[in-house]
>>> print(open('target.txt').read())   # compact mmCIF, C-alpha atoms and all ligand atoms
# COMPACT_ATOMS: atom_id res chain seq x y z
CA MET Y 75 155.20 74.26 85.13
CA ILE Y 76 157.81 75.06 87.71
CA SER Y 77 158.53 78.72 87.12
CA ALA Y 78 161.61 79.79 85.25
CA SER Y 79 163.08 82.77 87.08
CA SER Y 80 165.29 85.69 86.19
CA SER Y 81 167.19 88.08 88.43
CA LYS Y 82 164.93 91.12 87.79
CA PRO Y 83 161.15 91.51 87.71
CA ASP Y 84 159.46 91.90 84.34
CA PRO Y 85 157.91 95.43 84.53
CA SER Y 86 155.08 94.75 82.08
CA ALA Y 87 153.98 91.51 83.82
CA THR Y 88 154.16 93.28 87.20
CA ASP Y 89 152.10 96.23 85.89
CA ALA Y 90 149.50 93.83 84.51
CA THR Y 91 149.17 92.15 87.95
CA ARG Y 92 148.86 95.52 89.67
CA ARG Y 93 146.18 96.66 87.20
CA ARG Y 94 144.16 93.45 87.72
CA TYR Y 95 144.17 93.79 91.52
CA GLN Y 96 143.50 97.52 91.34
CA ARG Y 97 140.40 96.75 89.28
CA LEU Y 98 139.34 93.99 91.72
CA SER Y 99 140.15 95.87 94.92
CA PRO Y 100 136.66 97.43 95.52
CA PHE Y 101 135.03 93.98 95.18
CA TYR Y 102 137.76 91.71 96.57
CA ASP Y 103 136.31 91.18 100.06
CA VAL Y 104 132.82 90.48 98.70
CA MET Y 105 134.18 88.14 96.01
CA GLU Y 106 136.14 86.17 98.59
CA GLY Y 107 133.34 86.16 101.20
CA MET Y 108 132.23 82.53 100.73
CA ALA Y 109 135.76 81.13 100.41
CA GLU Y 110 136.85 83.05 103.48
CA ARG Y 111 134.73 80.83 105.76
CA ARG Y 112 136.89 77.95 104.65
CA TYR Y 113 140.13 79.93 105.01
CA LEU Y 114 139.53 81.16 108.57
CA PRO Y 115 140.78 78.02 110.39
CA TRP Y 116 143.79 77.89 108.04
CA ARG Y 117 144.70 81.48 108.80
CA THR Y 118 144.35 80.77 112.54
CA LYS Y 119 146.64 77.76 112.23
CA LEU Y 120 149.26 79.59 110.20
CA TRP Y 121 149.49 82.57 112.56
CA SER Y 122 149.69 80.30 115.62
CA ARG Y 123 152.95 78.99 114.15
CA VAL Y 124 154.70 82.21 113.14
CA PRO Y 125 157.93 82.57 115.12
CA GLY Y 126 159.70 85.83 115.98
CA LEU Y 127 158.89 89.41 116.92
CA HIS Y 128 159.51 91.14 113.55
CA VAL Y 129 157.36 89.65 110.84
CA LEU Y 130 156.98 90.60 107.18
CA GLU Y 131 153.68 89.93 105.44
CA VAL Y 132 153.87 90.21 101.66
CA GLY Y 133 150.76 90.59 99.50
CA VAL Y 134 148.92 91.85 102.56
CA GLY Y 135 145.90 92.58 100.31
CA THR Y 136 142.94 94.12 102.16
CA GLY Y 137 144.31 92.98 105.53
CA LYS Y 138 142.45 89.70 105.93
CA ASN Y 139 145.18 88.30 108.17
CA MET Y 140 145.13 91.23 110.58
CA PRO Y 141 142.57 89.76 113.02
CA PHE Y 142 144.98 86.82 113.45
CA TYR Y 143 148.18 88.76 114.12
CA PRO Y 144 149.54 87.50 117.45
CA ASP Y 145 149.80 90.06 120.26
CA GLY Y 146 153.20 91.57 120.91
CA ILE Y 147 154.73 91.26 117.44
CA SER Y 148 155.40 94.02 114.92
CA ILE Y 149 154.26 93.49 111.35
CA THR Y 150 155.54 95.08 108.17
CA GLY Y 151 152.98 94.62 105.40
CA VAL Y 152 153.74 95.07 101.70
CA ASP Y 153 151.45 95.02 98.68
CA LEU Y 154 151.86 95.86 95.02
CA THR Y 155 148.40 97.41 94.57
CA PRO Y 156 147.39 100.84 95.96
CA GLY Y 157 143.65 99.95 96.12
CA MET Y 158 144.33 96.81 98.16
CA LEU Y 159 146.75 98.60 100.49
CA GLN Y 160 144.26 101.43 101.15
CA ARG Y 161 141.78 98.85 102.40
CA ALA Y 162 144.47 97.21 104.53
CA GLN Y 163 145.20 100.63 106.08
CA LYS Y 164 141.53 101.00 107.03
CA GLN Y 165 141.45 97.48 108.46
CA ALA Y 166 144.57 98.23 110.58
CA SER Y 167 142.92 101.39 111.86
CA ASP Y 168 139.56 99.65 112.57
CA LEU Y 169 141.45 96.98 114.55
CA ARG Y 170 143.59 99.63 116.30
CA LEU Y 171 146.80 98.04 115.05
CA GLU Y 172 148.54 101.17 113.72
CA SER Y 173 151.18 101.21 116.44
CA ARG Y 174 152.59 97.83 115.46
CA VAL Y 175 151.57 97.42 111.81
CA LYS Y 176 153.41 99.41 109.12
CA LEU Y 177 152.19 99.15 105.54
CA TYR Y 178 154.12 99.89 102.35
CA LEU Y 179 153.53 99.75 98.63
CA GLY Y 180 156.15 97.40 97.21
CA ASP Y 181 156.97 94.42 95.06
CA VAL Y 182 158.00 91.13 96.68
CA GLN Y 183 160.19 90.47 93.62
CA GLN Y 184 162.32 93.49 94.56
CA LEU Y 185 161.95 94.40 98.23
CA ASP Y 186 163.27 97.63 99.63
CA PHE Y 187 164.59 96.04 102.86
CA ALA Y 188 168.06 95.14 104.08
CA ASP Y 189 169.27 91.54 104.26
CA GLY Y 190 168.17 89.53 107.30
CA MET Y 191 165.87 92.28 108.62
CA PHE Y 192 162.95 90.09 109.68
CA ASP Y 193 162.50 86.99 111.85
CA SER Y 194 159.79 85.45 109.64
CA ALA Y 195 157.71 86.11 106.54
CA VAL Y 196 154.12 85.20 105.76
CA ALA Y 197 152.16 85.15 102.50
CA THR Y 198 148.61 83.88 102.02
CA PHE Y 199 147.25 83.30 98.51
CA VAL Y 200 149.96 85.53 97.02
CA PHE Y 201 152.46 83.41 95.07
CA CYS Y 202 149.70 82.42 92.63
CA SER Y 203 149.72 86.00 91.36
CA VAL Y 204 153.33 87.19 91.72
CA PRO Y 205 154.62 87.23 88.11
CA ASP Y 206 157.95 85.56 88.98
CA PRO Y 207 157.25 83.55 92.15
CA VAL Y 208 160.78 82.14 92.46
CA LEU Y 209 162.24 85.64 92.34
CA GLY Y 210 159.77 86.72 95.07
CA LEU Y 211 160.58 83.70 97.25
CA ARG Y 212 164.31 84.41 96.82
CA GLU Y 213 163.69 87.95 98.05
CA LEU Y 214 162.01 86.54 101.17
CA LYS Y 215 165.06 84.32 101.68
CA ARG Y 216 167.25 87.43 101.48
CA VAL Y 217 165.30 89.64 103.92
CA ILE Y 218 164.67 86.92 106.53
CA LYS Y 219 167.53 86.21 108.91
CA PRO Y 220 169.39 82.90 108.45
CA GLY Y 221 167.46 80.18 110.28
CA GLY Y 222 164.23 82.25 110.08
CA HIS Y 223 160.99 80.99 108.61
CA VAL Y 224 158.69 81.58 105.65
CA LEU Y 225 155.09 80.43 106.10
CA LEU Y 226 152.79 80.16 103.12
CA LEU Y 227 149.13 79.37 102.64
CA GLU Y 228 148.67 78.77 98.93
CA HIS Y 229 146.60 77.00 96.32
CA MET Y 230 148.45 75.21 93.54
CA ARG Y 231 148.10 72.82 90.59
CA SER Y 232 146.36 69.57 91.50
CA PRO Y 233 148.59 66.47 91.61
CA ASN Y 234 145.73 64.61 89.92
CA PRO Y 235 146.75 64.43 86.21
CA PHE Y 236 143.23 64.98 84.86
CA LEU Y 237 142.39 67.85 87.22
CA GLY Y 238 145.88 69.33 86.67
CA ALA Y 239 145.27 69.36 82.90
CA VAL Y 240 141.86 71.03 83.42
CA MET Y 241 143.55 73.68 85.59
CA ASP Y 242 146.17 74.25 82.86
CA PHE Y 243 143.39 74.73 80.30
CA PHE Y 244 141.41 77.26 82.35
CA ASN Y 245 144.42 79.09 83.79
CA PRO Y 246 144.67 81.92 81.19
CA LEU Y 247 140.99 82.80 81.68
CA ILE Y 248 141.22 82.73 85.50
CA VAL Y 249 144.35 84.92 85.44
CA ARG Y 250 142.53 87.49 83.32
CA LEU Y 251 139.40 87.49 85.52
CA MET Y 252 140.87 87.01 89.01
CA GLY Y 253 144.60 87.77 88.76
CA ALA Y 254 145.56 84.34 90.13
CA ASN Y 255 147.28 81.43 88.40
CA ILE Y 256 145.63 78.16 89.40
CA ASN Y 257 148.34 75.86 88.07
CA ARG Y 258 151.52 76.90 89.87
CA HIS Y 259 153.96 74.30 91.28
CA THR Y 260 154.46 76.26 94.47
CA VAL Y 261 156.20 73.56 96.53
CA GLU Y 262 158.82 73.13 93.81
CA ASN Y 263 159.15 76.92 93.47
CA VAL Y 264 159.89 77.20 97.21
CA ARG Y 265 162.69 74.64 96.84
CA LYS Y 266 163.95 76.33 93.69
CA ALA Y 267 164.29 79.60 95.61
CA GLY Y 268 166.74 77.89 98.00
CA LEU Y 269 164.40 77.61 101.00
CA GLU Y 270 164.40 74.38 103.03
CA ILE Y 271 160.95 72.89 103.43
CA GLU Y 272 160.27 71.86 107.03
CA GLN Y 273 156.61 70.96 106.75
CA ILE Y 274 153.87 70.69 104.16
CA GLU Y 275 150.33 70.27 105.40
CA ASP Y 276 147.68 69.23 102.94
CA LEU Y 277 144.56 71.25 103.72
CA GLY Y 278 142.15 69.52 101.35
CA SER Y 279 140.68 69.66 97.85
CA GLY Y 280 142.95 66.83 96.72
CA GLY Y 281 146.27 68.54 97.38
CA ILE Y 282 145.34 71.95 95.95
CA PHE Y 283 145.51 73.93 99.24
CA LYS Y 284 148.65 73.65 101.35
CA LEU Y 285 150.27 75.22 104.37
CA ILE Y 286 154.02 75.29 103.77
CA VAL Y 287 156.60 76.02 106.45
CA ALA Y 288 160.06 76.67 105.02
CA ARG Y 289 163.33 77.75 106.58
CA VAL Y 290 166.07 80.07 105.40
CA PRO Y 291 169.27 77.99 105.47
CA SER Y 292 171.69 78.92 108.27
CA LYS Y 293 174.92 80.39 106.93
C1 LIG W 1 144.74 86.97 96.15
S1 LIG W 1 145.28 88.43 96.94
C2 LIG W 1 145.62 87.82 98.60
C3 LIG W 1 145.54 88.90 99.64
C4 LIG W 1 145.72 88.46 101.09
N1 LIG W 1 147.05 87.93 101.32
C5 LIG W 1 144.69 87.45 101.51
O1 LIG W 1 145.04 86.41 102.08
O2 LIG W 1 143.48 87.73 101.29
C6 LIG W 1 146.92 88.63 96.28
C7 LIG W 1 147.58 89.92 96.72
O3 LIG W 1 148.96 89.86 96.33
C8 LIG W 1 149.33 91.12 95.84
N2 LIG W 1 150.51 90.93 94.96
C9 LIG W 1 150.54 90.37 93.74
N3 LIG W 1 151.79 90.41 93.24
C10 LIG W 1 152.55 91.04 94.18
C11 LIG W 1 153.93 91.42 94.22
N4 LIG W 1 154.76 91.16 93.19
N5 LIG W 1 154.39 92.04 95.35
C12 LIG W 1 153.55 92.33 96.38
N6 LIG W 1 152.23 92.00 96.37
C13 LIG W 1 151.74 91.36 95.29
C14 LIG W 1 148.09 91.63 95.13
O4 LIG W 1 148.11 93.05 94.97
C15 LIG W 1 146.99 91.17 96.08
O5 LIG W 1 146.72 92.13 97.07
>>> encode(input="target.txt", output="structure tokens", more="lines below")
Ligand SMILES: C[S@@+](CC[C@H](N)C(=O)[O-])C[C@H]1O[C@@H](n2cnc3c(N)ncnc32)[C@H](O)[C@@H]1O
Amino acid sequence: MISASSSKPDPSATDATRRRYQRLSPFYDVMEGMAERRYLPWRTKLWSRVPGLHVLEVGVGTGKNMPFYPDGISITGVDLTPGMLQRAQKQASDLRLESRVKLYLGDVQQLDFADGMFDSAVATFVFCSVPDPVLGLRELKRVIKPGGHVLLLEHMRSPNPFLGAVMDFFNPLIVRLMGANINRHTVENVRKAGLEIEQIEDLGSGGIFKLIVARVPSK
């Protein structure tokens, strides 16, 4: 389904997401090890396209994007889960990025930043787990300056009707085990949040993985 959205985050759904990722945080990098080989070229491609000097990364996780941060830009990273953010802090320190990477605990559904503060925002494999993805995407629209960009690397429900139905069936189990919904309609959610889609690149697996470049409408 395309997500229904409200104007405030649901505290119990947000707590449940935080608890799942807190539980997974010690194992997350190992769990994702195999998949990461596939993701590396996608991360490289995404970060080669990020415009601007002040960039927000939401759902920064354990800091898997940090090796790809372009030189000369400052990054503000936010994550909901203390265990994930602690690992991101270590990754920033190992890569000697502390001077230009600032990390905060926070919720993308309710960001503690002023309007239009950033040039661009990035999220990779995040909007599958944000309880109200449209609310989170609307927050990105608010904190990015008009005309700025939101770049997403996400998996979503297959457009194949059979595979889509299988994903719907297994989704509750996967959410419980891994924290991620596998049947989100992320492209539609981006539009629903009021962002203008500039480009959608199909990355494989029959339309499940996509790189989405969206723009905050100019006022
Ligand atoms: C699947 S992990 C992806 C991490 C990282 N972006 C990557 O590419 O490996 C999803 C991350 O999103 C975070 N997250 C989930 N809901 C969030 C929210 N409402 N606000 C901020 N971060 C959130 C989780 O804590 C977790 O670290």
>>> residues_around(input="target.txt", residues="segment 204-213 of chain Y", least_positions_apart="6", cutoff="6 Å", atoms="only C-alpha atoms", output="ChimeraX atom specification")
/Y:79,182-183,263,267
>>> write_last_selection(input="target.txt", atoms="C-alpha atoms", output="short mmCIF file (atom, residue, chain, number, x, y, z; two decimals), in the frame of the given file")
data_model
loop_
_atom_site.label_atom_id
_atom_site.label_comp_id
_atom_site.auth_asym_id
_atom_site.auth_seq_id
_atom_site.Cartn_x
_atom_site.Cartn_y
_atom_site.Cartn_z
CA SER Y 79 163.08 82.77 87.08
CA VAL Y 182 158.00 91.13 96.68
CA GLN Y 183 160.19 90.47 93.62
CA ASN Y 263 159.15 76.92 93.47
CA ALA Y 267 164.29 79.60 95.61
#
>>> residues_around(input="target.txt", residues="segment 111-126 of chain Y", least_positions_apart="2", cutoff="7 Å", atoms="all atoms listed in the file", output="list of chain:residue names")
Y:Met108, Y:Ala109, Y:His128, Y:Val129, Y:Asn139, Y:Phe142, Y:Tyr143, Y:Pro144, Y:Asp193, Y:Ser194
>>> closest_atom_pairs(input="target.txt", of="chain Y", to="ligand LIG 1 (chain W)", cutoff="7 Å", atoms="only C-alpha atoms and all ligand atoms", output="Markdown table")
| residue | atom | partner | partner_atom | distance |
| --- | --- | --- | --- | --- |
| Y:Thr88 | CA | W:LIG1 | N4 | 6.4 |
| Y:Thr91 | CA | W:LIG1 | N3 | 6.2 |
| Y:Arg92 | CA | W:LIG1 | O4 | 5.9 |
| Y:Tyr95 | CA | W:LIG1 | O4 | 5.3 |
| Y:Val132 | CA | W:LIG1 | C12 | 5.7 |
| Y:Gly133 | CA | W:LIG1 | O3 | 3.7 |
| Y:Val134 | CA | W:LIG1 | N1 | 4.5 |
| Y:Gly135 | CA | W:LIG1 | O5 | 3.4 |
| Y:Thr136 | CA | W:LIG1 | C3 | 6.4 |
| Y:Gly137 | CA | W:LIG1 | C4 | 6.5 |
| Y:Lys138 | CA | W:LIG1 | O2 | 5.1 |
| Y:Asn139 | CA | W:LIG1 | O1 | 6.4 |
| Y:Val152 | CA | W:LIG1 | C12 | 6.0 |
| Y:Asp153 | CA | W:LIG1 | N6 | 3.9 |
| Y:Leu154 | CA | W:LIG1 | N6 | 4.1 |
| Y:Thr155 | CA | W:LIG1 | O4 | 4.4 |
| Y:Met158 | CA | W:LIG1 | O5 | 5.4 |
| Y:Gly180 | CA | W:LIG1 | C12 | 5.8 |
| Y:Asp181 | CA | W:LIG1 | N5 | 3.5 |
| Y:Val182 | CA | W:LIG1 | N5 | 4.0 |
| Y:Gln183 | CA | W:LIG1 | N4 | 5.5 |
| Y:Ala197 | CA | W:LIG1 | N1 | 5.9 |
| Y:Thr198 | CA | W:LIG1 | O1 | 4.4 |
| Y:Phe199 | CA | W:LIG1 | C2 | 4.8 |
| Y:Val200 | CA | W:LIG1 | C6 | 4.4 |
| Y:Ser203 | CA | W:LIG1 | C9 | 5.0 |
| Y:Val204 | CA | W:LIG1 | N3 | 3.9 |
| Y:Pro205 | CA | W:LIG1 | N4 | 6.4 |
| Y:Gly210 | CA | W:LIG1 | N4 | 7.0 |
| Y:Ala254 | CA | W:LIG1 | C1 | 6.6 |
>>> closest_residue(input="target.txt", among="Y:Gly222, Y:Pro246, Y:Gly151, Y:Gly238", to="Val287 of chain Y", atoms="all atoms listed in the file")
Y:Gly222
>>> closest_residue(input="target.txt", among="Y:Asn234, Y:Lys176, Y:Cys202, Y:Gly278", to="Asn257 of chain Y", atoms="all atoms listed in the file")
Y:Cys202
>>> atom_distance(input="target.txt", atom1="atom CA of Ala195 of chain Y", atom2="atom CA of Gly281 of chain Y")
22.9 Å
>>> atom_distance(input="target.txt", atom1="atom CA of Ser232 of chain Y", atom2="atom CA of Lys284 of chain Y")
10.9 Å
>>> atom_distance(input="target.txt", atom1="atom CA of Val261 of chain Y", atom2="atom CA of Arg94 of chain Y")
24.9 Å
>>> residues_near_point(input="target.txt", point="(155.4, 92.4, 114.2)", cutoff="7 Å", atoms="all atoms listed in the file", output="count of residues only")
9
>>> residues_around(input="target.txt", residues="Asn245 of chain Y", least_positions_apart="2", cutoff="12 Å", atoms="all atoms listed in the file", output="list of chain:residue names")
Y:Met75, Y:Cys202, Y:Ser203, Y:Met230, Y:Arg231, Y:Leu237, Y:Gly238, Y:Ala239, Y:Val240, Y:Met241, Y:Asp242, Y:Phe243, Y:Leu247, Y:Ile248, Y:Val249, Y:Arg250, Y:Leu251, Y:Met252, Y:Gly253, Y:Ala254, Y:Asn255, Y:Ile256, Y:Asn257, Y:Arg258
>>> axis_aligned_box(input="target.txt", around="segment 177-190 of chain Y", padding_each_side="4 Å", output="AutoDock Vina command-line options")
--center_x 160.7 --center_y 94.7 --center_z 100.5 --size_x 25.1 --size_y 18.4 --size_z 21.7
